[in-house]
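Student: I have a structure here, written as structure tokens, and I will follow up with some questions on it.
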Amino acid sequence: MNQPKRSDEPIWWALFSAGGVCFAVVIPGLLLTIALLYPLGVLPENALNYQQVQQWLLQDWWGLAGLALAGAAICLPLFHAMHRIHHGLHDLKLSSGLLGKILCYSSASLFSALALYFWWQGLG
Amino acid sequence: MSEQHSPRRPYLAPLTASWWLKHRYYRFYMLREATVLPLLFFCGCLIAGFYSLQQGEQSWLNWLSFMAQPWVMALNALTFAASLFHAKTFFELFPRVMPLLPAPLMIAGQWLGTIAVAALLLLLLGGVL
Amino acid sequence: MEKTVEKTLVIQRYNPEQDQRPSQQRYQVPFDNSTSVLDALLYIQQSLDPSLAFRWSCRMAICGSCSVMVNGIPKLGCKTFLREYSGDLLLEPLAHFATEKDLVSDMTLFLQHLQAVKPYLIRQEQSAATTPATKPQPHKQTPKQLAKYRKFSSCINCGLCYAACPQFGLNPEFLGPAALTLAQRYNLDNRDQGKAERMPQLNGKNGVWGCTFVGFCSDVCPKHLDPAAAVNQGKVASATDFVIGLFKP
Ligand code: SF4
Ligand code: FES
């Protein structure tokens, strides 16, 4: 019997899984604090002041905290999301071909690179 | 036996694109998959945040006021709900994919992780740490 | 006991020699607490309409041949009881498979997919064992080794999981829950040495990677195998195999 071609899905699945962990573990706390409680005024006014956040994300520890945040809250979740969208398009019979796959993962790569670029720029 | 004389004529009902509307279980699945849509919005917010942070203080303040806009907060509240729903489904799947410890233990451990991150951020931003 | 209460069964009919497409027919069936869907079908065939076609054999959830859709959900007819339903019952042949006649499905694809993963013990020395000098040895297995795959070993090949799986419905080439579960079952068996022969099937896009963990297969499996878990454990195995493959010429 002819053998099927090995799928490259393990790569995307690994990124999807890592992103899924971030989406479940990191994103809720982040949303709760910076996107809900802070704008609601529950947290102190200066909790997100410019100098403080700059120092945390871009100066202390050579900006590694910023890199970790970009990775765990932007890049990996993006790959998680685009993986589900890629398969979702197939589920909805909107696309099953290579084009959808390329569009999905290249946009995830592009926006990940953008986030990392801004972080890099910020290091100054 | 020749094909022509076979009385067989199997009928296959076509699967329509709306198959997932037909059953509760499938709708639940689609809802789970759809949690990534609000996630994309929040990722966009964060990319903008990184951009404004390296642009300077005024830009950062603009980003903060953008995040405080009612429609942004409403979307992020939705994202928050989606992230918790995703977490519930994801945590329950994990012990089935990698049965390392008894499932309830693994599920509890993962929730503990989520709570720990939230608590850490609260303490940090609350000025306690 | 006198059967007095009746229930309406709406059954999808299709006669390949006459019909262009399936239609529905209603039957009134007397029932009591112990009347299964299969009992009701047998009653219809014997007392109301001898032309009704359906499959069955064991009547005790062992042979896996009485699979039908009941109100849109794949079920074993002999393990599903009329008392569980408050209204009418809609019976259709298994979803995602072609219908031969009435409630009889064409299971060819299912059987092909099962075959593709070589669901039997493969031993390397088997060919050598044909010489009379090397007597075949019994394979030993500890309870711990048994426990590794036991959960996945009680499949009755009923095909309910395929009727529950939209990925199989969307792509009939997808090997599907039962086949991938059986592959995992033999890969986890310490007596087996055929993993290398099975992995290429699992590694393909129609192998484990065709699955998106919808999970409905595990819900409908009458033997509670949790096929969705088996398939996704297969993803871990396939991903590991992928990494190993990177380092091999
Ligand atoms: S895995 Fe379960 S549902 Fe699927 S064929 Fe086997 S017994 Fe039936
Ligand atoms: S008749 Fe054998 S499983 Fe139902």
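Chains: A, B, ... in order of the structure tokens. Residues: from 1 per chain. Ligands: from 1, in order shown.
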Taking only residues of chain C that have an atom at most 7 Å from an atom of ligand 1, what is each one's shortest atom pair and its distance in Å to one decimal, using only C-alpha atoms and all ligand atoms, in chain and number order, as a tab-separated table?

Tutor:
```
residue	atom	partner	partner_atom_place_in_ligand_line	distance
C:Gly64	CA	ligand 1	8 (Fe)	6.9
C:Ser154	CA	ligand 1	7 (S)	6.7
C:Cys155	CA	ligand 1	6 (Fe)	3.7
C:Ile156	CA	ligand 1	7 (S)	4.5
C:Asn157	CA	ligand 1	5 (S)	3.7
C:Cys158	CA	ligand 1	8 (Fe)	4.0
C:Gly159	CA	ligand 1	5 (S)	4.0
C:Leu160	CA	ligand 1	3 (S)	4.4
C:Cys161	CA	ligand 1	3 (S)	4.1
C:Tyr162	CA	ligand 1	4 (Fe)	6.7
C:Pro177	CA	ligand 1	4 (Fe)	6.2
C:Ala178	CA	ligand 1	1 (S)	4.3
C:Thr181	CA	ligand 1	1 (S)	6.7
C:Cys217	CA	ligand 1	3 (S)	6.3
C:Val220	CA	ligand 1	3 (S)	6.1
C:Cys221	CA	ligand 1	3 (S)	3.6
C:Pro222	CA	ligand 1	2 (Fe)	5.8
C:Lys223	CA	ligand 1	7 (S)	5.2
C:His224	CA	ligand 1	2 (Fe)	6.5
C:Leu225	CA	ligand 1	2 (Fe)	5.7
C:Pro227	CA	ligand 1	1 (S)	5.4
```

Student: Since we have the selection now, will you write its residues out, keeping N, CA, C and O atoms, as a PDB file, in the first residue's frame?

Tutor:
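This went into again-v4.pdb:
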```
ATOM      1  N   GLY C  64     -22.066  -4.958  17.046  1.00  0.00           N
ATOM      2  CA  GLY C  64     -21.886  -3.650  16.422  1.00  0.00           C
ATOM      3  C   GLY C  64     -22.546  -3.490  15.073  1.00  0.00           C
ATOM      4  O   GLY C  64     -22.153  -2.632  14.288  1.00  0.00           O
ATOM      5  N   SER C 154     -11.703  -2.412  23.524  1.00  0.00           N
ATOM      6  CA  SER C 154     -13.001  -3.079  23.486  1.00  0.00           C
ATOM      7  C   SER C 154     -13.904  -2.597  22.348  1.00  0.00           C
ATOM      8  O   SER C 154     -15.120  -2.682  22.433  1.00  0.00           O
ATOM      9  N   CYS C 155     -13.285  -2.094  21.292  1.00  0.00           N
ATOM     10  CA  CYS C 155     -14.068  -1.601  20.148  1.00  0.00           C
ATOM     11  C   CYS C 155     -14.859  -2.736  19.487  1.00  0.00           C
ATOM     12  O   CYS C 155     -14.341  -3.833  19.287  1.00  0.00           O
ATOM     13  N   ILE C 156     -16.131  -2.462  19.179  1.00  0.00           N
ATOM     14  CA  ILE C 156     -16.956  -3.476  18.515  1.00  0.00           C
ATOM     15  C   ILE C 156     -17.199  -3.119  17.046  1.00  0.00           C
ATOM     16  O   ILE C 156     -18.075  -3.686  16.391  1.00  0.00           O
ATOM     17  N   ASN C 157     -16.454  -2.150  16.539  1.00  0.00           N
ATOM     18  CA  ASN C 157     -16.553  -1.759  15.124  1.00  0.00           C
ATOM     19  C   ASN C 157     -17.971  -1.412  14.701  1.00  0.00           C
ATOM     20  O   ASN C 157     -18.426  -1.831  13.638  1.00  0.00           O
ATOM     21  N   CYS C 158     -18.645  -0.661  15.555  1.00  0.00           N
ATOM     22  CA  CYS C 158     -20.026  -0.310  15.232  1.00  0.00           C
ATOM     23  C   CYS C 158     -20.105   0.882  14.296  1.00  0.00           C
ATOM     24  O   CYS C 158     -21.122   1.113  13.654  1.00  0.00           O
ATOM     25  N   GLY C 159     -19.045   1.688  14.251  1.00  0.00           N
ATOM     26  CA  GLY C 159     -19.035   2.841  13.357  1.00  0.00           C
ATOM     27  C   GLY C 159     -19.796   4.058  13.875  1.00  0.00           C
ATOM     28  O   GLY C 159     -19.893   5.068  13.171  1.00  0.00           O
ATOM     29  N   LEU C 160     -20.317   3.998  15.097  1.00  0.00           N
ATOM     30  CA  LEU C 160     -21.042   5.159  15.624  1.00  0.00           C
ATOM     31  C   LEU C 160     -20.151   6.391  15.662  1.00  0.00           C
ATOM     32  O   LEU C 160     -20.590   7.504  15.373  1.00  0.00           O
ATOM     33  N   CYS C 161     -18.878   6.180  16.018  1.00  0.00           N
ATOM     34  CA  CYS C 161     -17.975   7.326  16.132  1.00  0.00           C
ATOM     35  C   CYS C 161     -17.769   8.011  14.778  1.00  0.00           C
ATOM     36  O   CYS C 161     -17.544   9.224  14.728  1.00  0.00           O
ATOM     37  N   TYR C 162     -17.863   7.255  13.680  1.00  0.00           N
ATOM     38  CA  TYR C 162     -17.703   7.868  12.354  1.00  0.00           C
ATOM     39  C   TYR C 162     -18.925   8.715  12.001  1.00  0.00           C
ATOM     40  O   TYR C 162     -18.807   9.752  11.367  1.00  0.00           O
ATOM     41  N   PRO C 177     -12.017   7.938  13.953  1.00  0.00           N
ATOM     42  CA  PRO C 177     -11.794   7.593  15.360  1.00  0.00           C
ATOM     43  C   PRO C 177     -11.458   6.124  15.627  1.00  0.00           C
ATOM     44  O   PRO C 177     -10.429   5.833  16.258  1.00  0.00           O
ATOM     45  N   ALA C 178     -12.289   5.191  15.167  1.00  0.00           N
ATOM     46  CA  ALA C 178     -12.070   3.790  15.547  1.00  0.00           C
ATOM     47  C   ALA C 178     -10.740   3.266  15.020  1.00  0.00           C
ATOM     48  O   ALA C 178      -9.990   2.597  15.744  1.00  0.00           O
ATOM     49  N   THR C 181      -7.923   4.775  16.944  1.00  0.00           N
ATOM     50  CA  THR C 181      -7.921   4.225  18.299  1.00  0.00           C
ATOM     51  C   THR C 181      -7.301   2.826  18.299  1.00  0.00           C
ATOM     52  O   THR C 181      -6.501   2.484  19.179  1.00  0.00           O
ATOM     53  N   CYS C 217     -17.307  11.772  19.179  1.00  0.00           N
ATOM     54  CA  CYS C 217     -17.109  10.330  19.042  1.00  0.00           C
ATOM     55  C   CYS C 217     -17.072   9.651  20.405  1.00  0.00           C
ATOM     56  O   CYS C 217     -17.647   8.578  20.598  1.00  0.00           O
ATOM     57  N   VAL C 220     -20.584   9.244  21.943  1.00  0.00           N
ATOM     58  CA  VAL C 220     -21.523   8.262  21.399  1.00  0.00           C
ATOM     59  C   VAL C 220     -21.000   6.830  21.494  1.00  0.00           C
ATOM     60  O   VAL C 220     -21.767   5.884  21.317  1.00  0.00           O
ATOM     61  N   CYS C 221     -19.713   6.642  21.767  1.00  0.00           N
ATOM     62  CA  CYS C 221     -19.150   5.286  21.771  1.00  0.00           C
ATOM     63  C   CYS C 221     -19.855   4.415  22.807  1.00  0.00           C
ATOM     64  O   CYS C 221     -19.832   4.717  23.991  1.00  0.00           O
ATOM     65  N   PRO C 222     -20.494   3.322  22.356  1.00  0.00           N
ATOM     66  CA  PRO C 222     -21.269   2.509  23.298  1.00  0.00           C
ATOM     67  C   PRO C 222     -20.374   1.724  24.253  1.00  0.00           C
ATOM     68  O   PRO C 222     -20.841   1.198  25.250  1.00  0.00           O
ATOM     69  N   LYS C 223     -19.085   1.649  23.945  1.00  0.00           N
ATOM     70  CA  LYS C 223     -18.160   0.901  24.801  1.00  0.00           C
ATOM     71  C   LYS C 223     -17.263   1.829  25.612  1.00  0.00           C
ATOM     72  O   LYS C 223     -16.325   1.369  26.264  1.00  0.00           O
ATOM     73  N   HIS C 224     -17.534   3.124  25.553  1.00  0.00           N
ATOM     74  CA  HIS C 224     -16.814   4.132  26.340  1.00  0.00           C
ATOM     75  C   HIS C 224     -15.297   4.023  26.200  1.00  0.00           C
ATOM     76  O   HIS C 224     -14.561   4.061  27.170  1.00  0.00           O
ATOM     77  N   LEU C 225     -14.860   3.910  24.948  1.00  0.00           N
ATOM     78  CA  LEU C 225     -13.433   3.802  24.673  1.00  0.00           C
ATOM     79  C   LEU C 225     -12.703   5.135  24.761  1.00  0.00           C
ATOM     80  O   LEU C 225     -11.493   5.161  24.840  1.00  0.00           O
ATOM     81  N   PRO C 227     -12.474   7.347  22.132  1.00  0.00           N
ATOM     82  CA  PRO C 227     -11.646   7.395  20.924  1.00  0.00           C
ATOM     83  C   PRO C 227     -10.971   8.751  20.710  1.00  0.00           C
ATOM     84  O   PRO C 227      -9.835   8.800  20.226  1.00  0.00           O
TER      85      PRO C 227
END
```

Student: What residues have any atom no more than 9 Å from ligand 2 when counting only C-alpha atoms and all ligand atoms, and can you list them as a PyMOL selection string?

Tutor: chain C and resi 38+55-67+76-79+156+158

Student: Can you spit out the residues from that selection as a compact mmCIF listing (two decimals), in the first residue's frame, using N, CA, C and O atoms?

Tutor:
```txt
# COMPACT_ATOMS: atom_id res chain seq x y z
N LEU C 38 -34.25 -1.78 18.34
CA LEU C 38 -34.14 -2.97 17.50
C LEU C 38 -35.40 -3.84 17.61
O LEU C 38 -35.91 -4.33 16.59
N ARG C 55 -29.88 -3.86 9.81
CA ARG C 55 -28.92 -4.90 10.21
C ARG C 55 -29.01 -5.16 11.70
O ARG C 55 -29.22 -4.25 12.49
N TRP C 56 -28.78 -6.38 12.08
CA TRP C 56 -28.67 -6.73 13.49
C TRP C 56 -28.13 -8.14 13.59
O TRP C 56 -28.12 -8.88 12.62
N SER C 57 -27.64 -8.49 14.78
CA SER C 57 -27.24 -9.87 14.99
C SER C 57 -27.36 -10.26 16.46
O SER C 57 -28.17 -11.08 16.83
N CYS C 58 -26.55 -9.65 17.32
CA CYS C 58 -26.42 -10.21 18.67
C CYS C 58 -27.50 -9.76 19.65
O CYS C 58 -27.77 -10.45 20.62
N ARG C 59 -28.11 -8.62 19.42
CA ARG C 59 -29.10 -8.03 20.33
C ARG C 59 -28.53 -7.70 21.71
O ARG C 59 -29.28 -7.51 22.66
N MET C 60 -27.22 -7.69 21.87
CA MET C 60 -26.66 -7.40 23.19
C MET C 60 -25.39 -6.54 23.13
O MET C 60 -24.48 -6.74 23.93
N ALA C 61 -25.37 -5.60 22.20
CA ALA C 61 -24.29 -4.61 22.14
C ALA C 61 -22.90 -5.23 22.02
O ALA C 61 -21.95 -4.76 22.64
N ILE C 62 -22.80 -6.27 21.25
CA ILE C 62 -21.51 -6.94 21.08
C ILE C 62 -21.07 -6.96 19.61
O ILE C 62 -19.90 -6.79 19.31
N CYS C 63 -22.02 -7.13 18.71
CA CYS C 63 -21.62 -7.32 17.31
C CYS C 63 -21.42 -6.00 16.57
O CYS C 63 -20.70 -5.94 15.59
N GLY C 64 -22.07 -4.96 17.05
CA GLY C 64 -21.89 -3.65 16.42
C GLY C 64 -22.55 -3.49 15.07
O GLY C 64 -22.15 -2.63 14.29
N SER C 65 -23.58 -4.29 14.78
CA SER C 65 -24.18 -4.18 13.45
C SER C 65 -25.49 -3.41 13.41
O SER C 65 -25.98 -3.10 12.33
N CYS C 66 -26.07 -3.07 14.56
CA CYS C 66 -27.41 -2.47 14.56
C CYS C 66 -27.37 -0.95 14.64
O CYS C 66 -28.33 -0.33 15.07
N SER C 67 -26.23 -0.34 14.24
CA SER C 67 -26.07 1.11 14.37
C SER C 67 -27.06 1.88 13.50
O SER C 67 -27.18 1.62 12.31
N LEU C 76 -26.67 2.41 19.08
CA LEU C 76 -26.91 1.01 18.83
C LEU C 76 -28.40 0.75 19.05
O LEU C 76 -28.93 1.04 20.12
N GLY C 77 -29.07 0.18 18.05
CA GLY C 77 -30.51 -0.05 18.18
C GLY C 77 -30.85 -0.96 19.35
O GLY C 77 -31.88 -0.79 20.00
N CYS C 78 -29.97 -1.93 19.63
CA CYS C 78 -30.29 -2.89 20.69
C CYS C 78 -30.01 -2.35 22.08
O CYS C 78 -30.39 -2.96 23.07
N LYS C 79 -29.31 -1.21 22.16
CA LYS C 79 -28.94 -0.68 23.46
C LYS C 79 -29.71 0.61 23.76
O LYS C 79 -29.43 1.32 24.73
N ILE C 156 -16.13 -2.46 19.18
CA ILE C 156 -16.96 -3.48 18.52
C ILE C 156 -17.20 -3.12 17.05
O ILE C 156 -18.08 -3.69 16.39
N CYS C 158 -18.64 -0.66 15.56
CA CYS C 158 -20.03 -0.31 15.23
C CYS C 158 -20.10 0.88 14.30
O CYS C 158 -21.12 1.11 13.65
```

Student: Check the smallest atom-to-atom distance from each of B:Phe80, B:Pro7, B:Arg27, B:Asn62 to Phe41 in chain B using only C-alpha atoms, then report the winner.

Tutor: B:Phe80

Student: Return as number ranges by chain the residues belonging to chain B that are within 8 Å of chain A, counting only C-alpha atoms.

Tutor: B: 17-18, 33, 36-37, 39-40, 43, 46-47, 50-51, 53-55, 57, 60-61, 64, 67-68, 73, 76-77, 79-80, 83-84, 86-87, 90, 110-111, 113-115, 117-119, 121-122, 125-127

Student: Grab the residues selected above and save them as a short mmCIF file (atom, residue, chain, number, x, y, z; two decimals), in the first residue's frame with N, CA and C atoms.

Tutor:
```
data_model
loop_
_atom_site.label_atom_id
_atom_site.label_comp_id
_atom_site.auth_asym_id
_atom_site.auth_seq_id
_atom_site.Cartn_x
_atom_site.Cartn_y
_atom_site.Cartn_z
N ALA B 17 -22.60 23.04 4.66
CA ALA B 17 -21.71 23.85 5.49
C ALA B 17 -22.34 24.18 6.85
N SER B 18 -23.65 23.99 6.95
CA SER B 18 -24.32 24.32 8.22
C SER B 18 -24.47 23.11 9.13
N GLU B 33 -14.19 26.84 19.26
CA GLU B 33 -13.26 27.29 18.23
C GLU B 33 -13.35 28.81 18.05
N VAL B 36 -11.31 32.11 19.67
CA VAL B 36 -10.10 32.77 19.17
C VAL B 36 -10.42 34.11 18.48
N LEU B 37 -11.68 34.34 18.13
CA LEU B 37 -11.99 35.60 17.44
C LEU B 37 -11.79 36.80 18.37
N LEU B 39 -10.01 36.74 20.98
CA LEU B 39 -8.59 36.69 21.34
C LEU B 39 -7.76 37.51 20.35
N LEU B 40 -8.11 37.39 19.06
CA LEU B 40 -7.37 38.15 18.05
C LEU B 40 -7.47 39.64 18.32
N CYS B 43 -5.09 40.48 21.12
CA CYS B 43 -3.71 40.46 20.63
C CYS B 43 -3.40 41.75 19.88
N LEU B 46 -2.72 44.47 22.28
CA LEU B 46 -1.39 44.36 22.89
C LEU B 46 -0.29 44.78 21.92
N ILE B 47 -0.45 44.43 20.65
CA ILE B 47 0.55 44.87 19.66
C ILE B 47 0.57 46.39 19.63
N PHE B 50 2.48 47.65 22.63
CA PHE B 50 3.94 47.61 22.45
C PHE B 50 4.41 48.73 21.54
N TYR B 51 3.60 48.99 20.50
CA TYR B 51 3.96 50.07 19.58
C TYR B 51 4.00 51.41 20.32
N LEU B 53 4.26 52.01 23.44
CA LEU B 53 5.24 52.07 24.51
C LEU B 53 6.59 52.55 23.98
N GLN B 54 6.96 52.11 22.79
CA GLN B 54 8.26 52.54 22.26
C GLN B 54 8.17 53.88 21.54
N GLN B 55 6.92 54.39 21.34
CA GLN B 55 6.76 55.68 20.69
C GLN B 55 6.95 56.85 21.65
N GLU B 57 5.78 58.75 25.76
CA GLU B 57 4.77 58.83 26.82
C GLU B 57 3.39 59.21 26.29
N TRP B 60 1.71 56.36 24.70
CA TRP B 60 1.29 55.39 25.72
C TRP B 60 -0.01 55.83 26.39
N LEU B 61 -0.13 57.14 26.71
CA LEU B 61 -1.35 57.64 27.33
C LEU B 61 -2.54 57.49 26.39
N LEU B 64 -3.67 53.97 26.61
CA LEU B 64 -4.43 53.71 27.82
C LEU B 64 -5.86 54.24 27.69
N MET B 67 -7.83 51.90 25.53
CA MET B 67 -8.23 50.70 26.26
C MET B 67 -9.40 50.97 27.19
N ALA B 68 -9.60 52.26 27.53
CA ALA B 68 -10.69 52.60 28.46
C ALA B 68 -11.98 52.96 27.73
N MET B 73 -13.63 48.14 26.10
CA MET B 73 -13.81 47.39 27.34
C MET B 73 -14.86 46.31 27.19
N ASN B 76 -13.32 43.50 25.35
CA ASN B 76 -12.37 42.78 26.19
C ASN B 76 -13.05 41.99 27.30
N ALA B 77 -14.21 42.47 27.75
CA ALA B 77 -14.98 41.68 28.71
C ALA B 77 -15.42 40.38 28.05
N THR B 79 -13.81 38.98 25.59
CA THR B 79 -12.59 38.19 25.46
C THR B 79 -12.27 37.48 26.77
N PHE B 80 -12.51 38.18 27.87
CA PHE B 80 -12.25 37.58 29.18
C PHE B 80 -13.13 36.33 29.37
N SER B 83 -11.85 33.62 27.21
CA SER B 83 -10.60 33.00 27.70
C SER B 83 -10.90 32.00 28.81
N LEU B 84 -11.87 32.32 29.66
CA LEU B 84 -12.22 31.39 30.73
C LEU B 84 -12.90 30.14 30.16
N HIS B 86 -12.47 28.99 27.12
CA HIS B 86 -11.39 28.25 26.48
C HIS B 86 -10.59 27.47 27.52
N ALA B 87 -10.27 28.15 28.64
CA ALA B 87 -9.46 27.51 29.68
C ALA B 87 -10.17 26.25 30.18
N PHE B 90 -9.93 23.59 27.47
CA PHE B 90 -8.53 23.20 27.23
C PHE B 90 -7.99 22.37 28.39
N GLN B 110 -4.00 23.14 36.65
CA GLN B 110 -3.97 24.15 35.59
C GLN B 110 -4.74 25.41 36.00
N TRP B 111 -5.88 25.21 36.65
CA TRP B 111 -6.63 26.39 37.14
C TRP B 111 -5.79 27.18 38.14
N GLY B 113 -2.67 27.53 38.06
CA GLY B 113 -1.75 28.33 37.27
C GLY B 113 -2.41 29.63 36.82
N THR B 114 -3.62 29.52 36.29
CA THR B 114 -4.35 30.71 35.83
C THR B 114 -4.56 31.69 36.97
N ILE B 115 -4.97 31.15 38.12
CA ILE B 115 -5.24 32.01 39.27
C ILE B 115 -3.95 32.66 39.76
N VAL B 117 -1.28 33.47 38.00
CA VAL B 117 -0.89 34.57 37.11
C VAL B 117 -1.74 35.81 37.40
N ALA B 118 -3.04 35.60 37.53
CA ALA B 118 -3.94 36.72 37.80
C ALA B 118 -3.58 37.38 39.13
N ALA B 119 -3.31 36.56 40.16
CA ALA B 119 -2.99 37.09 41.48
C ALA B 119 -1.68 37.88 41.44
N LEU B 121 -0.34 39.39 38.87
CA LEU B 121 -0.53 40.67 38.17
C LEU B 121 -1.28 41.66 39.04
N LEU B 122 -2.27 41.17 39.78
CA LEU B 122 -3.04 42.04 40.67
C LEU B 122 -2.13 42.65 41.74
N LEU B 125 0.40 45.15 39.99
CA LEU B 125 -0.21 46.41 39.54
C LEU B 125 -0.90 47.12 40.68
N GLY B 126 -1.27 46.36 41.72
CA GLY B 126 -1.91 46.98 42.88
C GLY B 126 -0.87 47.66 43.76
N GLY B 127 0.39 47.52 43.38
CA GLY B 127 1.43 48.19 44.13
C GLY B 127 1.86 47.46 45.38
#
```

Student: Considering only C-alpha atoms, can you say which of A:Gln59, A:Gln52, A:Ser109, A:Ser95 comes closest to chain C?

Tutor: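 Comparing A:Gln59, A:Gln52, A:Ser109, A:Ser95 against chain C, the winner is A:Ser95.
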
Student: Quick one: which residues from chain C are at most 8 Å off chain A, using only C-alpha atoms, as a list in words?

Tutor: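 Using only C-alpha atoms, chain C residues at most 8 Å from chain A: Pro166, Gln167, Leu170, Pro200, Gln201, Asn203, Gly204, Lys205, Trp209, Thr212, Lys235, Ser238, Ala239 and Phe242 of chain C.
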
Student: Save out the residues we just selected, all heavy atoms, as a short mmCIF file (atom, residue, chain, number, x, y, z; two decimals), in the first residue's frame.

Tutor:
```cif
data_model
loop_
_atom_site.label_atom_id
_atom_site.label_comp_id
_atom_site.auth_asym_id
_atom_site.auth_seq_id
_atom_site.Cartn_x
_atom_site.Cartn_y
_atom_site.Cartn_z
N PRO C 166 -17.61 14.97 12.39
CA PRO C 166 -17.77 15.84 11.22
C PRO C 166 -16.54 15.83 10.32
O PRO C 166 -16.66 16.04 9.11
CB PRO C 166 -17.99 17.22 11.84
CG PRO C 166 -17.41 17.14 13.20
CD PRO C 166 -17.58 15.72 13.65
N GLN C 167 -15.37 15.57 10.89
CA GLN C 167 -14.17 15.55 10.04
C GLN C 167 -14.23 14.39 9.05
O GLN C 167 -13.79 14.52 7.92
CB GLN C 167 -12.90 15.47 10.89
CG GLN C 167 -12.69 16.66 11.82
CD GLN C 167 -12.72 18.00 11.10
OE1 GLN C 167 -12.57 18.08 9.88
NE2 GLN C 167 -12.96 19.07 11.84
N LEU C 170 -16.70 15.48 6.44
CA LEU C 170 -16.16 16.46 5.51
C LEU C 170 -15.11 15.84 4.59
O LEU C 170 -14.94 16.27 3.45
CB LEU C 170 -15.51 17.62 6.30
CG LEU C 170 -16.46 18.56 7.04
CD1 LEU C 170 -15.72 19.36 8.09
CD2 LEU C 170 -17.15 19.50 6.06
N PRO C 200 3.44 5.72 9.59
CA PRO C 200 3.25 6.51 8.36
C PRO C 200 1.78 6.82 8.09
O PRO C 200 1.46 7.91 7.60
CB PRO C 200 3.85 5.61 7.27
CG PRO C 200 4.85 4.79 7.98
CD PRO C 200 4.28 4.53 9.34
N GLN C 201 0.88 5.89 8.42
CA GLN C 201 -0.55 6.16 8.22
C GLN C 201 -1.02 7.26 9.18
O GLN C 201 -1.76 8.15 8.79
CB GLN C 201 -1.36 4.88 8.48
CG GLN C 201 -1.19 3.81 7.42
CD GLN C 201 -1.81 4.21 6.10
OE1 GLN C 201 -2.74 5.01 6.06
NE2 GLN C 201 -1.27 3.69 5.02
N ASN C 203 0.80 9.58 10.55
CA ASN C 203 1.51 10.83 10.32
C ASN C 203 0.94 11.67 9.19
O ASN C 203 1.24 12.85 9.08
CB ASN C 203 2.99 10.55 10.01
CG ASN C 203 3.75 10.02 11.22
OD1 ASN C 203 3.32 10.24 12.35
ND2 ASN C 203 4.84 9.32 10.98
N GLY C 204 0.15 11.06 8.33
CA GLY C 204 -0.37 11.77 7.17
C GLY C 204 -1.50 12.73 7.54
O GLY C 204 -2.00 12.72 8.65
N LYS C 205 -1.90 13.56 6.57
CA LYS C 205 -2.95 14.53 6.88
C LYS C 205 -4.30 13.85 7.10
O LYS C 205 -5.19 14.43 7.73
CB LYS C 205 -3.03 15.61 5.80
CG LYS C 205 -3.65 15.18 4.48
CD LYS C 205 -3.83 16.42 3.61
CE LYS C 205 -4.68 16.24 2.38
NZ LYS C 205 -4.53 15.07 1.56
N TRP C 209 -3.83 13.78 12.16
CA TRP C 209 -3.90 15.23 11.93
C TRP C 209 -5.19 15.67 11.27
O TRP C 209 -5.43 16.87 11.09
CB TRP C 209 -2.67 15.70 11.16
CG TRP C 209 -1.44 15.33 11.91
CD1 TRP C 209 -0.51 14.40 11.55
CD2 TRP C 209 -1.04 15.82 13.20
NE1 TRP C 209 0.45 14.28 12.53
CE2 TRP C 209 0.15 15.13 13.56
CE3 TRP C 209 -1.57 16.75 14.10
CZ2 TRP C 209 0.81 15.37 14.77
CZ3 TRP C 209 -0.90 16.98 15.29
CH2 TRP C 209 0.26 16.30 15.62
N THR C 212 -9.82 17.40 14.83
CA THR C 212 -9.78 18.70 15.52
C THR C 212 -10.37 18.60 16.92
O THR C 212 -10.77 19.60 17.50
CB THR C 212 -10.55 19.77 14.72
OG1 THR C 212 -11.88 19.29 14.52
CG2 THR C 212 -9.90 20.05 13.38
N LYS C 235 -1.62 11.97 18.31
CA LYS C 235 -0.95 13.19 17.84
C LYS C 235 0.37 13.38 18.56
O LYS C 235 1.37 13.78 17.95
CB LYS C 235 -1.85 14.41 18.08
CG LYS C 235 -3.02 14.50 17.13
CD LYS C 235 -3.80 15.79 17.37
CE LYS C 235 -5.13 15.76 16.65
NZ LYS C 235 -6.02 16.85 17.06
N SER C 238 2.70 10.98 17.05
CA SER C 238 3.10 11.39 15.71
C SER C 238 4.05 12.58 15.75
O SER C 238 4.99 12.66 14.95
CB SER C 238 1.86 11.73 14.87
OG SER C 238 2.23 12.21 13.60
N ALA C 239 3.80 13.52 16.68
CA ALA C 239 4.69 14.67 16.80
C ALA C 239 6.07 14.22 17.26
O ALA C 239 7.09 14.70 16.76
CB ALA C 239 4.11 15.69 17.79
N PHE C 242 7.75 12.80 14.41
CA PHE C 242 8.18 13.89 13.52
C PHE C 242 9.55 14.40 13.94
O PHE C 242 10.45 14.58 13.12
CB PHE C 242 7.14 15.01 13.60
CG PHE C 242 7.42 16.19 12.72
CD1 PHE C 242 6.95 16.22 11.41
CD2 PHE C 242 8.13 17.29 13.19
CE1 PHE C 242 7.20 17.31 10.58
CE2 PHE C 242 8.38 18.38 12.38
CZ PHE C 242 7.91 18.39 11.07
#
```

Student: Can you list, as an NGL selection string, all residues belonging to range 73-200 of chain C that DSSP tags as alpha helix (DSSP H)?

Tutor: :C and (108-116 or 143-150 or 160-164 or 166-170 or 177-187 or 195-200)

Student: Show me, as a ChimeraX atom specification, every residue of chain B with an atom at most 10 Å from chain C, counting only C-alpha atoms.

Tutor: /B:6-17,19-20,22-23,25-26,28-30,32-33,93-99

Student: Write out as a list in words which residues come within 12 Å of Phe81 in chain C when counting only C-alpha atoms, dropping same-chain ones fewer than 3 positions away.

Tutor: Lys7, Phe31, Asp32, Asn33, Ser34, Thr35, Ser36, Val37, Leu38, Asp39, Ala40, Leu41, Val70, Lys75, Leu76, Gly77, Cys78, Glu84, Tyr85, Ser86 and Leu89 of chain C
